[in-house]
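Visitor: Sharing structure_35.txt below, compact mmCIF, C-alpha atoms:
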```txt
# COMPACT_ATOMS: atom_id res chain seq x y z
CA MET E 1 -20.60 23.26 -1.25
CA LEU E 2 -18.93 19.90 -1.69
CA ARG E 3 -21.57 18.77 -4.18
CA LYS E 4 -20.47 21.58 -6.53
CA ASN E 5 -16.85 20.39 -6.47
CA ARG E 6 -16.72 18.61 -9.83
CA SER E 7 -13.22 17.23 -9.36
CA PHE E 8 -14.18 15.60 -6.07
CA ALA E 9 -17.47 14.29 -7.53
CA LYS E 10 -15.58 12.48 -10.30
CA MET E 11 -12.95 11.23 -7.86
CA PHE E 12 -15.68 10.02 -5.53
CA ALA E 13 -17.42 8.06 -8.29
CA ALA E 14 -14.08 6.58 -9.38
CA TYR E 15 -13.21 5.66 -5.79
CA GLY E 16 -16.60 3.97 -5.36
CA LEU E 17 -16.08 1.80 -8.43
CA SER E 18 -12.50 1.01 -7.46
CA ALA E 19 -13.46 0.08 -3.87
CA PHE E 20 -16.38 -2.01 -5.10
CA GLY E 21 -14.05 -3.82 -7.48
CA ASP E 22 -11.57 -4.55 -4.70
CA TYR E 23 -14.22 -6.56 -2.84
CA PHE E 24 -16.25 -7.83 -5.79
CA ASP E 25 -14.03 -10.66 -6.96
CA PHE E 26 -12.56 -11.63 -3.57
CA MET E 27 -15.30 -14.21 -3.06
CA ALA E 28 -14.97 -15.30 -6.69
CA VAL E 29 -11.29 -16.06 -6.13
CA THR E 30 -12.14 -17.90 -2.91
CA ILE E 31 -14.79 -20.00 -4.71
CA LEU E 32 -12.37 -20.73 -7.54
CA LEU E 33 -9.62 -21.89 -5.20
CA GLY E 34 -11.75 -23.73 -2.63
CA PHE E 35 -14.62 -25.24 -4.59
CA ILE E 36 -13.52 -25.53 -8.22
CA TRP E 37 -9.79 -26.18 -8.00
CA LYS E 38 -10.11 -27.70 -4.50
CA ALA E 39 -6.82 -26.18 -3.39
CA ASP E 40 -5.29 -27.37 -0.12
CA ALA E 41 -5.54 -25.36 3.10
CA MET E 42 -2.01 -23.94 2.84
CA THR E 43 -2.65 -22.58 -0.66
CA ILE E 44 -5.87 -20.90 0.49
CA ALA E 45 -4.03 -19.52 3.53
CA LEU E 46 -1.65 -17.72 1.14
CA LEU E 47 -4.53 -15.70 -0.34
CA PRO E 48 -4.78 -13.07 2.44
CA LEU E 49 -0.99 -12.78 2.44
CA CYS E 50 -1.08 -11.90 -1.26
CA PHE E 51 -3.35 -8.99 -0.37
CA ALA E 52 -1.40 -7.82 2.70
CA VAL E 53 2.33 -8.36 2.04
CA PRO E 54 2.60 -5.84 -0.86
CA GLY E 55 1.33 -3.17 1.53
CA ILE E 56 4.13 -3.95 3.97
CA ALA E 57 6.76 -3.90 1.24
CA PHE E 58 5.73 -0.94 -0.90
CA SER E 59 3.33 1.40 0.94
CA GLN E 60 5.97 3.83 2.17
CA LEU E 61 7.56 4.07 -1.28
CA ALA E 62 4.07 4.57 -2.75
CA GLY E 63 3.47 7.45 -0.34
CA ILE E 64 6.69 9.19 -1.37
CA LEU E 65 5.85 8.82 -5.07
CA ALA E 66 2.32 10.13 -4.46
CA ASP E 67 3.87 13.35 -3.13
CA ARG E 68 6.34 13.52 -6.04
CA TRP E 69 4.25 12.58 -9.09
CA ASN E 70 0.96 13.73 -10.59
CA LYS E 71 -1.59 12.04 -8.37
CA ARG E 72 -4.34 11.85 -10.95
CA ASN E 73 -2.10 10.15 -13.49
CA LEU E 74 -0.80 7.73 -10.86
CA MET E 75 -4.35 6.65 -9.97
CA ILE E 76 -5.27 6.23 -13.65
CA ALA E 77 -2.19 4.09 -14.27
CA THR E 78 -2.90 1.84 -11.28
CA ASP E 79 -6.57 1.42 -12.26
CA LEU E 80 -5.63 0.38 -15.79
CA LEU E 81 -2.92 -1.94 -14.51
CA ARG E 82 -5.38 -3.57 -12.10
CA SER E 83 -7.88 -4.00 -14.91
CA GLY E 84 -5.32 -5.76 -17.09
CA LEU E 85 -4.17 -8.00 -14.26
CA THR E 86 -7.77 -8.90 -13.43
CA VAL E 87 -8.33 -9.99 -17.04
CA MET E 88 -5.21 -12.13 -16.75
CA LEU E 89 -6.70 -13.75 -13.63
CA ILE E 90 -9.55 -15.08 -15.77
CA PHE E 91 -7.07 -17.10 -17.81
CA ALA E 92 -4.77 -18.20 -14.95
CA PRO E 93 -4.21 -21.96 -15.40
CA ASN E 94 -3.27 -22.82 -11.82
CA ALA E 95 -3.33 -21.59 -8.22
CA GLY E 96 0.32 -20.53 -8.18
CA LEU E 97 -0.01 -18.13 -11.11
CA LEU E 98 -3.36 -16.89 -9.78
CA LEU E 99 -1.84 -15.98 -6.42
CA GLY E 100 1.13 -14.32 -8.11
CA LEU E 101 -1.16 -12.13 -10.23
CA ILE E 102 -3.21 -11.21 -7.15
CA ALA E 103 -0.02 -10.15 -5.35
CA ILE E 104 0.98 -7.91 -8.29
CA ARG E 105 -2.53 -6.44 -8.46
CA SER E 106 -2.42 -5.76 -4.72
CA THR E 107 0.88 -3.94 -5.26
CA ALA E 108 -0.85 -1.67 -7.79
CA ARG E 109 -3.56 -0.93 -5.23
CA VAL E 110 -0.85 0.06 -2.73
CA PHE E 111 0.19 2.89 -5.08
CA HIS E 112 -3.43 4.01 -5.57
CA TYR E 113 -4.32 4.62 -1.90
CA PRO E 114 -1.85 7.41 -0.92
CA ALA E 115 -2.40 9.15 -4.26
CA GLN E 116 -6.15 9.18 -3.65
CA GLN E 117 -5.69 10.47 -0.10
CA SER E 118 -3.27 13.19 -1.18
CA MET E 119 -5.39 14.35 -4.11
CA THR E 120 -8.50 14.51 -1.94
CA ARG E 121 -6.62 16.92 0.32
CA ALA E 122 -5.63 18.95 -2.73
CA VAL E 123 -9.10 19.35 -4.29
CA VAL E 124 -11.26 19.64 -1.14
CA ALA E 125 -11.32 22.72 1.10
CA GLN E 126 -10.32 22.11 4.71
CA ASP E 127 -13.79 22.89 6.05
CA GLN E 128 -15.22 20.18 3.75
CA LEU E 129 -12.70 17.46 4.57
CA LEU E 130 -14.98 15.75 7.10
CA GLN E 131 -17.82 15.54 4.60
CA ALA E 132 -15.45 14.20 1.93
CA THR E 133 -13.91 11.53 4.16
CA SER E 134 -17.36 10.57 5.46
CA LEU E 135 -18.64 10.10 1.91
CA ASN E 136 -15.61 7.98 1.05
CA GLY E 137 -16.16 6.01 4.26
CA ALA E 138 -19.82 5.44 3.37
CA VAL E 139 -19.02 4.07 -0.07
CA PHE E 140 -16.26 1.92 1.46
CA GLN E 141 -18.74 0.41 3.95
CA LEU E 142 -21.27 -0.22 1.16
CA SER E 143 -18.55 -1.89 -0.90
CA LYS E 144 -17.71 -4.20 2.00
CA ILE E 145 -21.37 -5.22 2.27
CA LEU E 146 -22.46 -5.38 -1.36
CA GLY E 147 -19.17 -6.29 -3.07
CA PRO E 148 -18.67 -9.78 -1.60
CA LEU E 149 -22.43 -10.48 -1.59
CA LEU E 150 -22.99 -9.61 -5.26
CA GLY E 151 -19.63 -11.03 -6.34
CA ALA E 152 -20.31 -14.38 -4.66
CA SER E 153 -23.85 -14.50 -6.08
CA LEU E 154 -22.63 -13.80 -9.60
CA ALA E 155 -19.78 -16.29 -9.30
CA SER E 156 -22.15 -18.99 -8.00
CA THR E 157 -24.81 -18.33 -10.64
CA PHE E 158 -22.40 -18.18 -13.55
CA THR E 159 -18.64 -18.64 -13.04
CA PRO E 160 -15.94 -16.83 -11.05
CA SER E 161 -14.63 -15.52 -14.38
CA VAL E 162 -17.77 -13.42 -14.80
CA SER E 163 -17.14 -11.70 -11.47
CA MET E 164 -13.55 -11.03 -12.47
CA ALA E 165 -14.66 -9.55 -15.79
CA VAL E 166 -17.08 -7.19 -14.02
CA ASN E 167 -14.28 -6.14 -11.67
CA ALA E 168 -11.97 -5.42 -14.62
CA GLY E 169 -14.71 -3.24 -16.12
CA CYS E 170 -15.07 -1.31 -12.85
CA TYR E 171 -11.39 -0.40 -12.92
CA VAL E 172 -11.61 0.80 -16.53
CA VAL E 173 -14.61 3.04 -15.80
CA SER E 174 -12.82 4.37 -12.71
CA ALA E 175 -9.80 5.32 -14.86
CA PHE E 176 -12.09 7.01 -17.40
CA LEU E 177 -13.74 9.11 -14.69
CA LEU E 178 -10.34 10.20 -13.41
CA LEU E 179 -9.39 11.24 -16.95
CA LEU E 180 -12.21 13.79 -16.72
CA VAL E 181 -10.54 15.41 -13.69
CA PRO E 182 -8.20 18.25 -14.72
CA ALA E 183 -4.60 17.07 -14.69
CA ALA E 184 -3.63 20.26 -12.86
CA ASP E 185 -5.54 19.05 -9.76
CA GLY E 186 -3.05 16.24 -9.33
CA ARG E 187 0.07 18.23 -10.12
CA VAL E 188 2.84 18.76 -7.57
CA PRO E 189 3.72 22.45 -6.99
CA ALA E 190 7.02 23.30 -8.68
CA ALA E 191 8.65 24.64 -5.50
CA ALA E 192 7.75 21.56 -3.47
CA SER E 193 8.93 19.30 -6.30
CA ALA E 194 12.35 20.99 -6.44
CA ILE E 195 12.83 20.64 -2.69
CA ARG E 196 11.94 16.95 -2.79
CA GLU E 197 14.29 16.24 -5.68
CA LYS E 198 17.15 17.65 -3.59
CA GLY E 199 16.21 15.58 -0.55
CA GLY E 200 16.02 12.26 -2.38
CA LEU E 201 13.84 9.27 -1.53
CA ARG E 202 15.56 8.54 1.76
CA GLY E 203 15.27 12.15 2.90
CA GLU E 204 11.55 12.21 2.09
CA TRP E 205 11.02 8.91 3.89
CA ARG E 206 12.71 10.30 7.00
CA GLU E 207 10.71 13.51 6.76
CA GLY E 208 7.45 11.54 6.65
CA TRP E 209 8.35 9.64 9.81
CA ARG E 210 9.56 12.85 11.47
CA LEU E 211 6.23 14.56 10.77
CA LEU E 212 4.36 11.61 12.22
CA TRP E 213 6.56 11.25 15.28
CA HIS E 214 6.58 14.94 16.22
CA SER E 215 2.81 15.37 15.90
CA ARG E 216 1.16 14.15 19.10
CA ILE E 217 -2.24 14.17 17.40
CA LEU E 218 -1.12 12.01 14.49
CA ARG E 219 0.90 9.71 16.72
CA MET E 220 -1.91 9.00 19.17
CA SER E 221 -4.54 8.77 16.44
CA LEU E 222 -2.44 6.23 14.58
CA LEU E 223 -1.92 4.20 17.75
CA PHE E 224 -5.63 4.00 18.58
CA SER E 225 -6.56 3.29 14.97
CA LEU E 226 -4.10 0.39 14.87
CA ILE E 227 -5.39 -0.97 18.19
CA GLY E 228 -8.94 -0.97 16.85
CA LEU E 229 -7.82 -2.60 13.61
CA ALA E 230 -5.78 -5.22 15.49
CA GLY E 231 -8.84 -6.14 17.56
CA ILE E 232 -10.95 -6.50 14.43
CA GLN E 233 -8.38 -8.57 12.53
CA MET E 234 -7.53 -10.75 15.52
CA ILE E 235 -11.15 -11.84 15.90
CA ASP E 236 -12.78 -11.26 12.52
CA ALA E 237 -11.42 -14.42 10.89
CA GLN E 238 -12.61 -16.50 13.86
CA PHE E 239 -16.34 -15.69 13.59
CA ALA E 240 -16.91 -19.01 11.85
CA VAL E 241 -15.35 -20.85 14.80
CA LEU E 242 -17.46 -18.93 17.33
CA PHE E 243 -20.78 -19.44 15.56
CA ARG E 244 -19.97 -23.07 14.89
CA GLU E 245 -20.23 -23.44 18.67
CA ILE E 246 -23.13 -21.12 19.56
CA ALA E 247 -25.28 -21.54 16.42
CA PRO E 248 -24.29 -24.80 14.70
CA GLU E 249 -27.66 -25.08 12.93
CA GLN E 250 -27.68 -21.48 11.64
CA PRO E 251 -24.70 -20.88 9.35
CA GLU E 252 -26.60 -18.02 7.71
CA LEU E 253 -26.39 -16.11 11.02
CA MET E 254 -22.83 -15.07 10.18
CA GLY E 255 -24.04 -13.28 7.07
CA TRP E 256 -26.69 -11.38 9.04
CA LEU E 257 -24.22 -10.26 11.68
CA VAL E 258 -21.57 -9.18 9.16
CA THR E 259 -24.31 -7.17 7.44
CA ALA E 260 -25.20 -5.62 10.83
CA ILE E 261 -21.56 -4.53 11.24
CA GLY E 262 -21.60 -2.96 7.79
CA ALA E 263 -24.90 -1.22 8.51
CA GLY E 264 -23.47 0.21 11.73
CA GLY E 265 -20.39 1.47 9.90
CA LEU E 266 -22.58 3.08 7.26
CA ALA E 267 -24.76 4.72 9.93
CA SER E 268 -21.72 6.16 11.71
CA VAL E 269 -20.15 7.75 8.63
CA THR E 270 -23.56 9.09 7.57
CA TRP E 271 -23.88 10.73 10.98
CA LEU E 272 -20.38 12.23 10.77
CA ARG E 273 -21.27 13.77 7.43
CA ARG E 274 -23.68 16.12 9.21
CA TYR E 275 -20.74 18.04 10.66
CA GLN E 276 -18.31 20.42 9.08
CA GLU E 277 -15.45 19.80 11.50
CA LEU E 278 -14.52 17.56 14.42
CA THR E 279 -11.94 18.39 17.07
CA ALA E 280 -12.85 15.82 19.74
CA TYR E 281 -10.37 13.24 18.47
CA GLY E 282 -10.26 11.36 21.75
CA LEU E 283 -14.02 10.90 21.77
CA LEU E 284 -14.04 9.86 18.13
CA LEU E 285 -11.22 7.30 18.17
CA GLY E 286 -11.41 6.29 21.83
CA GLY E 287 -15.16 5.82 21.49
CA GLY E 288 -14.77 3.85 18.28
CA VAL E 289 -12.21 1.49 19.83
CA ALA E 290 -14.40 1.09 22.94
CA LEU E 291 -17.42 0.09 20.82
CA ILE E 292 -15.33 -2.43 18.88
CA GLY E 293 -14.17 -3.97 22.16
CA LEU E 294 -17.76 -4.08 23.46
CA MET E 295 -18.87 -5.98 20.36
CA PHE E 296 -16.23 -8.68 20.72
CA ALA E 297 -16.64 -9.04 24.49
CA ALA E 298 -20.41 -9.41 24.09
CA ALA E 299 -19.92 -11.93 21.28
CA GLY E 300 -17.76 -14.00 23.63
CA ALA E 301 -20.64 -14.06 26.12
CA PHE E 302 -23.27 -15.21 23.57
CA ARG E 303 -24.78 -18.67 23.98
CA GLN E 304 -27.13 -20.78 21.88
CA GLU E 305 -30.14 -19.30 23.69
CA SER E 306 -29.06 -15.69 23.11
CA PRO E 307 -31.80 -13.76 21.25
CA LEU E 308 -31.10 -12.83 17.66
CA TRP E 309 -32.15 -9.19 18.12
CA LEU E 310 -29.53 -8.74 20.84
CA MET E 311 -26.79 -10.19 18.62
CA LEU E 312 -27.79 -7.93 15.74
CA LEU E 313 -27.85 -4.87 18.04
CA VAL E 314 -24.42 -5.62 19.49
CA PHE E 315 -22.85 -6.07 16.06
CA PHE E 316 -24.56 -2.94 14.74
CA ILE E 317 -23.05 -0.97 17.65
CA GLY E 318 -19.65 -2.51 16.91
CA GLY E 319 -20.05 -1.44 13.29
CA ILE E 320 -20.56 2.12 14.48
CA GLY E 321 -17.20 1.82 16.23
CA THR E 322 -15.47 0.60 13.06
CA GLY E 323 -16.92 3.54 11.13
CA PHE E 324 -15.78 6.08 13.71
CA THR E 325 -12.29 4.58 13.79
CA SER E 326 -11.68 4.22 10.04
CA SER E 327 -13.32 7.45 8.87
CA GLY E 328 -12.00 9.37 11.89
CA MET E 329 -8.43 8.33 11.18
CA ASN E 330 -8.68 9.27 7.50
CA TYR E 331 -10.08 12.68 8.45
CA ILE E 332 -7.41 13.34 11.10
CA LEU E 333 -4.65 12.22 8.74
CA GLN E 334 -5.77 14.67 6.06
CA LYS E 335 -6.52 17.56 8.40
CA GLU E 336 -3.43 17.36 10.63
CA THR E 337 -0.84 16.51 7.96
CA PRO E 338 0.69 19.26 5.79
CA PRO E 339 -0.87 18.99 2.29
CA GLU E 340 2.51 18.29 0.66
CA ALA E 341 3.11 15.29 2.97
CA VAL E 342 -0.29 13.54 2.95
CA GLY E 343 0.97 10.86 0.56
CA ARG E 344 3.96 9.94 2.70
CA VAL E 345 2.06 9.80 5.97
CA SER E 346 -0.74 7.82 4.27
CA GLY E 347 1.86 5.37 3.00
CA ILE E 348 3.29 4.90 6.49
CA PHE E 349 -0.21 4.33 7.87
CA GLU E 350 -0.99 1.80 5.12
CA SER E 351 2.25 -0.12 5.72
CA LEU E 352 1.52 -0.42 9.45
CA THR E 353 -2.05 -1.56 8.83
CA SER E 354 -0.73 -4.20 6.43
CA VAL E 355 1.50 -5.54 9.22
CA ILE E 356 -1.60 -5.79 11.42
CA PHE E 357 -3.43 -7.70 8.66
CA VAL E 358 -0.70 -10.36 8.77
CA ILE E 359 0.07 -10.61 12.50
CA ALA E 360 -3.33 -10.15 14.15
CA PRO E 361 -5.21 -13.09 12.55
CA LEU E 362 -2.34 -15.45 13.41
CA SER E 363 -2.34 -14.16 17.00
CA GLY E 364 -6.11 -14.65 17.24
CA GLY E 365 -5.84 -18.23 16.01
CA ALA E 366 -3.07 -18.97 18.52
CA LEU E 367 -5.08 -17.50 21.43
CA ILE E 368 -8.15 -19.53 20.50
CA GLY E 369 -5.99 -22.66 20.49
CA LEU E 370 -4.84 -21.82 24.03
CA MET E 371 -8.00 -20.44 25.66
CA GLY E 372 -10.95 -21.45 23.50
CA VAL E 373 -13.00 -19.26 21.22
CA SER E 374 -15.51 -17.70 23.64
CA ARG E 375 -12.90 -16.80 26.24
CA THR E 376 -10.63 -15.30 23.57
CA PHE E 377 -13.47 -13.13 22.26
CA LEU E 378 -14.31 -12.02 25.80
CA ILE E 379 -10.75 -11.25 26.95
CA ALA E 380 -9.63 -9.60 23.69
CA GLY E 381 -12.83 -7.55 23.59
CA LEU E 382 -12.42 -6.37 27.17
CA ALA E 383 -8.78 -5.43 26.56
CA VAL E 384 -9.64 -3.39 23.45
CA GLY E 385 -12.65 -1.83 25.15
CA ILE E 386 -10.64 -0.74 28.20
CA ILE E 387 -8.02 0.89 25.96
CA GLY E 388 -10.78 2.77 24.15
CA PHE E 389 -12.32 3.89 27.45
CA VAL E 390 -8.91 5.14 28.62
CA GLY E 391 -8.66 7.13 25.39
CA ILE E 392 -11.99 8.82 26.16
CA VAL E 393 -11.15 9.63 29.78
CA LEU E 394 -7.57 10.81 29.13
CA ARG E 395 -8.19 12.41 25.74
CA TRP E 396 -6.75 15.80 26.70
CA GLN E 397 -3.58 14.25 28.10
CA LEU E 398 -3.13 11.93 25.11
CA TRP E 399 -4.12 14.15 22.18
CA GLY E 400 -3.50 17.55 23.72
CA ARG E 401 -6.28 20.02 24.39
CA THR E 402 -7.74 19.98 20.89
CA ASP E 403 -11.14 19.37 22.49
CA ALA E 404 -10.79 22.52 24.55
CA ARG E 405 -9.51 24.92 21.87
CA LYS E 406 -12.69 24.71 19.80
CA PRO E 407 -16.22 23.40 20.17
CA GLU E 408 -16.29 19.65 19.76
CA VAL E 409 -18.34 19.80 16.58
CA SER E 410 -19.42 22.46 14.17
CA ARG E 411 -22.57 21.84 12.20
CA SER E 412 -22.35 22.28 8.49
CA ALA E 413 -24.60 24.80 6.88
```
Give the structure from the file, written as structure tokens.

Guide:
Amino acid sequence: MLRKNRSFAKMFAAYGLSAFGDYFDFMAVTILLGFIWKADAMTIALLPLCFAVPGIAFSQLAGILADRWNKRNLMIATDLLRSGLTVMLIFAPNAGLLLGLIAIRSTARVFHYPAQQSMTRAVVAQDQLLQATSLNGAVFQLSKILGPLLGASLASTFTPSVSMAVNAGCYVVSAFLLLLVPAADGRVPAAASAIREKGGLRGEWREGWRLLWHSRILRMSLLFSLIGLAGIQMIDAQFAVLFREIAPEQPELMGWLVTAIGAGGLASVTWLRRYQELTAYGLLLGGGVALIGLMFAAAGAFRQESPLWLMLLVFFIGGIGTGFTSSGMNYILQKETPPEAVGRVSGIFESLTSVIFVIAPLSGGALIGLMGVSRTFLIAGLAVGIIGFVGIVLRWQLWGRTDARKPEVSRSA
């Protein structure tokens, strides 16, 4: 039983605190830059780049090191480093130094992700991987909902520094919990370590890409996951523009709908946790992408007279799609990648998602400038939805006959 796996239980608690911390002081930093320091628009625009660019630059190196080094120790080191950098944020005297510290802290996070993925694969049995990734997905969705909400409330009630201090404490507790995990759980097998030392960094990097390229399942899963993420990132930042047009007197509506997305994501990963194994990858990822597209297309059709319950329902359904896509990809990555290469493939995946985080929002802004916000939502949503529907219909041709080799789902005991 997964609940009896003490190493995973401690890792799960540490991951929850770390994920919560990642989102907790984001709004505090935004409030500090926008409302207290009154930074200009270009300075504020650099903030998301400070979170995304380190992933582009260092994720693949981080994946290689996660397969080479003790994963537990690597996660502890990055948690402590992030805690120290967060404390330094409290005393940052200007926006330039603040953004620089955030970029360094984001670099530390880049090294945490593949180590966490790789160690999860090491301590969890294969028939419990779906439950493990679903639990991680659930806490990630909760962090996205509660982290910014509580962080912004605390920063508004007191000061942004208080939110940063709480975040620093979360990282320290996360590191302490990981210290309770046996060091042997994060150790690299001696035989695998000797082989990697002979191959060198470049050889391991090539091997990671070779594994990804020669696995049809990983290749197609990555493609659909990136399409879903691109759709989300292209449109997500433009919600304020859309609701400024269709609900100019209800700015709080954005908060309700973002919460509906988070609730849908939480519902989807909770549902996935009921199963021991999934083999219907085309249904999982194609369906997730299709639901994301449906959400954005429907949002583009909303008008001022659209009923609130319908908006909430549509965004809840879209949230289900985001949960299927994110948790499904993490599960497939861990199940279909050799255990000794999970770090490298995770690093490649993280680097590509970081590219999406930079390019997609800029593309969405450019399309809205050309076509208008409602039409962009409608067209982009339809395009993403059609791709998802194609993934469902042609799942055997795209992923191979994984759906036919085994039953689509196996219920856990």

Visitor: Find the residues near Ser163 (chain E): any atom within 9 Å, counting all atoms listed in the file, skip ones fewer than 5 places away on the same chain, and give them as number ranges by chain.

Guide: E: 24-25, 27-28, 150-152, 154-155, 158, 168

Visitor: Can you work out which one of E:Leu278, E:Ile348, E:Asn73, E:Gln304 has the shortest atom-to-atom distance to Arg244 (chain E), counting all atoms listed in the file?

Guide: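 Ranking E:Leu278, E:Ile348, E:Asn73, E:Gln304 by distance to Arg244 (chain E), first place goes to E:Gln304.
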
Visitor: Pick out the closest residue to Ser221 (chain E) from this set: E:Leu398, E:Val355, E:Met42, E:Leu312. Count only C-alpha atoms.

Guide: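 Among the listed residues, E:Leu398 lies closest to Ser221 (chain E).
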
Visitor: May I ask which of the residues E:Phe349, E:Trp209, E:Phe140, E:Tyr23 is the closest one to Leu266 (chain E), counting only C-alpha atoms?

Guide: E:Phe140

Visitor: Within 10 Å of region 119-134 of chain E, counting all atoms listed in the file, which residues show up once you throw out same-chain ones fewer than 5 positions away? Write them as a PDB file with C-alpha atoms, in the coordinates of the input, please.

Guide:
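Output file result_36.pdb follows:
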```
ATOM      1  CA  MET E   1     -20.600  23.260  -1.250  1.00  0.00           C
ATOM      2  CA  LEU E   2     -18.930  19.900  -1.690  1.00  0.00           C
ATOM      3  CA  ARG E   3     -21.570  18.770  -4.180  1.00  0.00           C
ATOM      4  CA  ASN E   5     -16.850  20.390  -6.470  1.00  0.00           C
ATOM      5  CA  ARG E   6     -16.720  18.610  -9.830  1.00  0.00           C
ATOM      6  CA  SER E   7     -13.220  17.230  -9.360  1.00  0.00           C
ATOM      7  CA  PHE E   8     -14.180  15.600  -6.070  1.00  0.00           C
ATOM      8  CA  ALA E   9     -17.470  14.290  -7.530  1.00  0.00           C
ATOM      9  CA  MET E  11     -12.950  11.230  -7.860  1.00  0.00           C
ATOM     10  CA  PHE E  12     -15.680  10.020  -5.530  1.00  0.00           C
ATOM     11  CA  ALA E  66       2.320  10.130  -4.460  1.00  0.00           C
ATOM     12  CA  ASP E  67       3.870  13.350  -3.130  1.00  0.00           C
ATOM     13  CA  ASN E  70       0.960  13.730 -10.590  1.00  0.00           C
ATOM     14  CA  LYS E  71      -1.590  12.040  -8.370  1.00  0.00           C
ATOM     15  CA  ARG E  72      -4.340  11.850 -10.950  1.00  0.00           C
ATOM     16  CA  MET E  75      -4.350   6.650  -9.970  1.00  0.00           C
ATOM     17  CA  PRO E 114      -1.850   7.410  -0.920  1.00  0.00           C
ATOM     18  CA  VAL E 139     -19.020   4.070  -0.070  1.00  0.00           C
ATOM     19  CA  PHE E 140     -16.260   1.920   1.460  1.00  0.00           C
ATOM     20  CA  ASP E 185      -5.540  19.050  -9.760  1.00  0.00           C
ATOM     21  CA  GLY E 186      -3.050  16.240  -9.330  1.00  0.00           C
ATOM     22  CA  ARG E 187       0.070  18.230 -10.120  1.00  0.00           C
ATOM     23  CA  VAL E 188       2.840  18.760  -7.570  1.00  0.00           C
ATOM     24  CA  LEU E 266     -22.580   3.080   7.260  1.00  0.00           C
ATOM     25  CA  SER E 268     -21.720   6.160  11.710  1.00  0.00           C
ATOM     26  CA  VAL E 269     -20.150   7.750   8.630  1.00  0.00           C
ATOM     27  CA  THR E 270     -23.560   9.090   7.570  1.00  0.00           C
ATOM     28  CA  TRP E 271     -23.880  10.730  10.980  1.00  0.00           C
ATOM     29  CA  LEU E 272     -20.380  12.230  10.770  1.00  0.00           C
ATOM     30  CA  ARG E 273     -21.270  13.770   7.430  1.00  0.00           C
ATOM     31  CA  ARG E 274     -23.680  16.120   9.210  1.00  0.00           C
ATOM     32  CA  TYR E 275     -20.740  18.040  10.660  1.00  0.00           C
ATOM     33  CA  GLN E 276     -18.310  20.420   9.080  1.00  0.00           C
ATOM     34  CA  GLU E 277     -15.450  19.800  11.500  1.00  0.00           C
ATOM     35  CA  LEU E 278     -14.520  17.560  14.420  1.00  0.00           C
ATOM     36  CA  GLY E 323     -16.920   3.540  11.130  1.00  0.00           C
ATOM     37  CA  PHE E 324     -15.780   6.080  13.710  1.00  0.00           C
ATOM     38  CA  SER E 326     -11.680   4.220  10.040  1.00  0.00           C
ATOM     39  CA  SER E 327     -13.320   7.450   8.870  1.00  0.00           C
ATOM     40  CA  GLY E 328     -12.000   9.370  11.890  1.00  0.00           C
ATOM     41  CA  MET E 329      -8.430   8.330  11.180  1.00  0.00           C
ATOM     42  CA  ASN E 330      -8.680   9.270   7.500  1.00  0.00           C
ATOM     43  CA  TYR E 331     -10.080  12.680   8.450  1.00  0.00           C
ATOM     44  CA  ILE E 332      -7.410  13.340  11.100  1.00  0.00           C
ATOM     45  CA  LEU E 333      -4.650  12.220   8.740  1.00  0.00           C
ATOM     46  CA  GLN E 334      -5.770  14.670   6.060  1.00  0.00           C
ATOM     47  CA  LYS E 335      -6.520  17.560   8.400  1.00  0.00           C
ATOM     48  CA  THR E 337      -0.840  16.510   7.960  1.00  0.00           C
ATOM     49  CA  PRO E 338       0.690  19.260   5.790  1.00  0.00           C
ATOM     50  CA  PRO E 339      -0.870  18.990   2.290  1.00  0.00           C
ATOM     51  CA  GLU E 340       2.510  18.290   0.660  1.00  0.00           C
ATOM     52  CA  VAL E 342      -0.290  13.540   2.950  1.00  0.00           C
ATOM     53  CA  GLY E 343       0.970  10.860   0.560  1.00  0.00           C
ATOM     54  CA  SER E 410     -19.420  22.460  14.170  1.00  0.00           C
ATOM     55  CA  SER E 412     -22.350  22.280   8.490  1.00  0.00           C
TER      56      SER E 412
END
```

Visitor: Could you give me, as a VMD selection string, the residues within 9 Å of Leu61 (chain E), counting all atoms listed in the file and dropping anything in the same chain fewer than 2 positions from it?

Guide: chain E and resid 57 to 59 63 to 66 111 201 205 344 347 to 348

Visitor: Emit as AutoDock Vina command-line options the padded axis-aligned box for all listed atoms of region 91-104 of chain E, 6 Å per side, with centre and edge lengths in Å to one decimal.

Guide:
```
--center_x -3.0 --center_y -15.4 --center_z -11.6 --size_x 20.2 --size_y 26.9 --size_z 24.5
```

Visitor: Which of these, E:Glu336, E:Ala95, E:Gly369, E:Phe302, has the shortest distance to Ala45 (chain E) once you count only C-alpha atoms?

Guide: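 So, comparing all the options, the nearest one is E:Ala95.
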
Visitor: Could you jot down the CA of Met234 (chain E) to CA of Ser363 (chain E) separation for me, Å, one decimal place?

Guide: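 For CA of Met234 (chain E) relative to CA of Ser363 (chain E), the distance reads 6.4 Å.
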
Visitor: Considering all atoms listed in the file, state which residue in the set E:Leu211, E:Leu352, E:Ile320, E:Leu285 is at the smallest distance from Gly264 (chain E).

Guide: E:Ile320
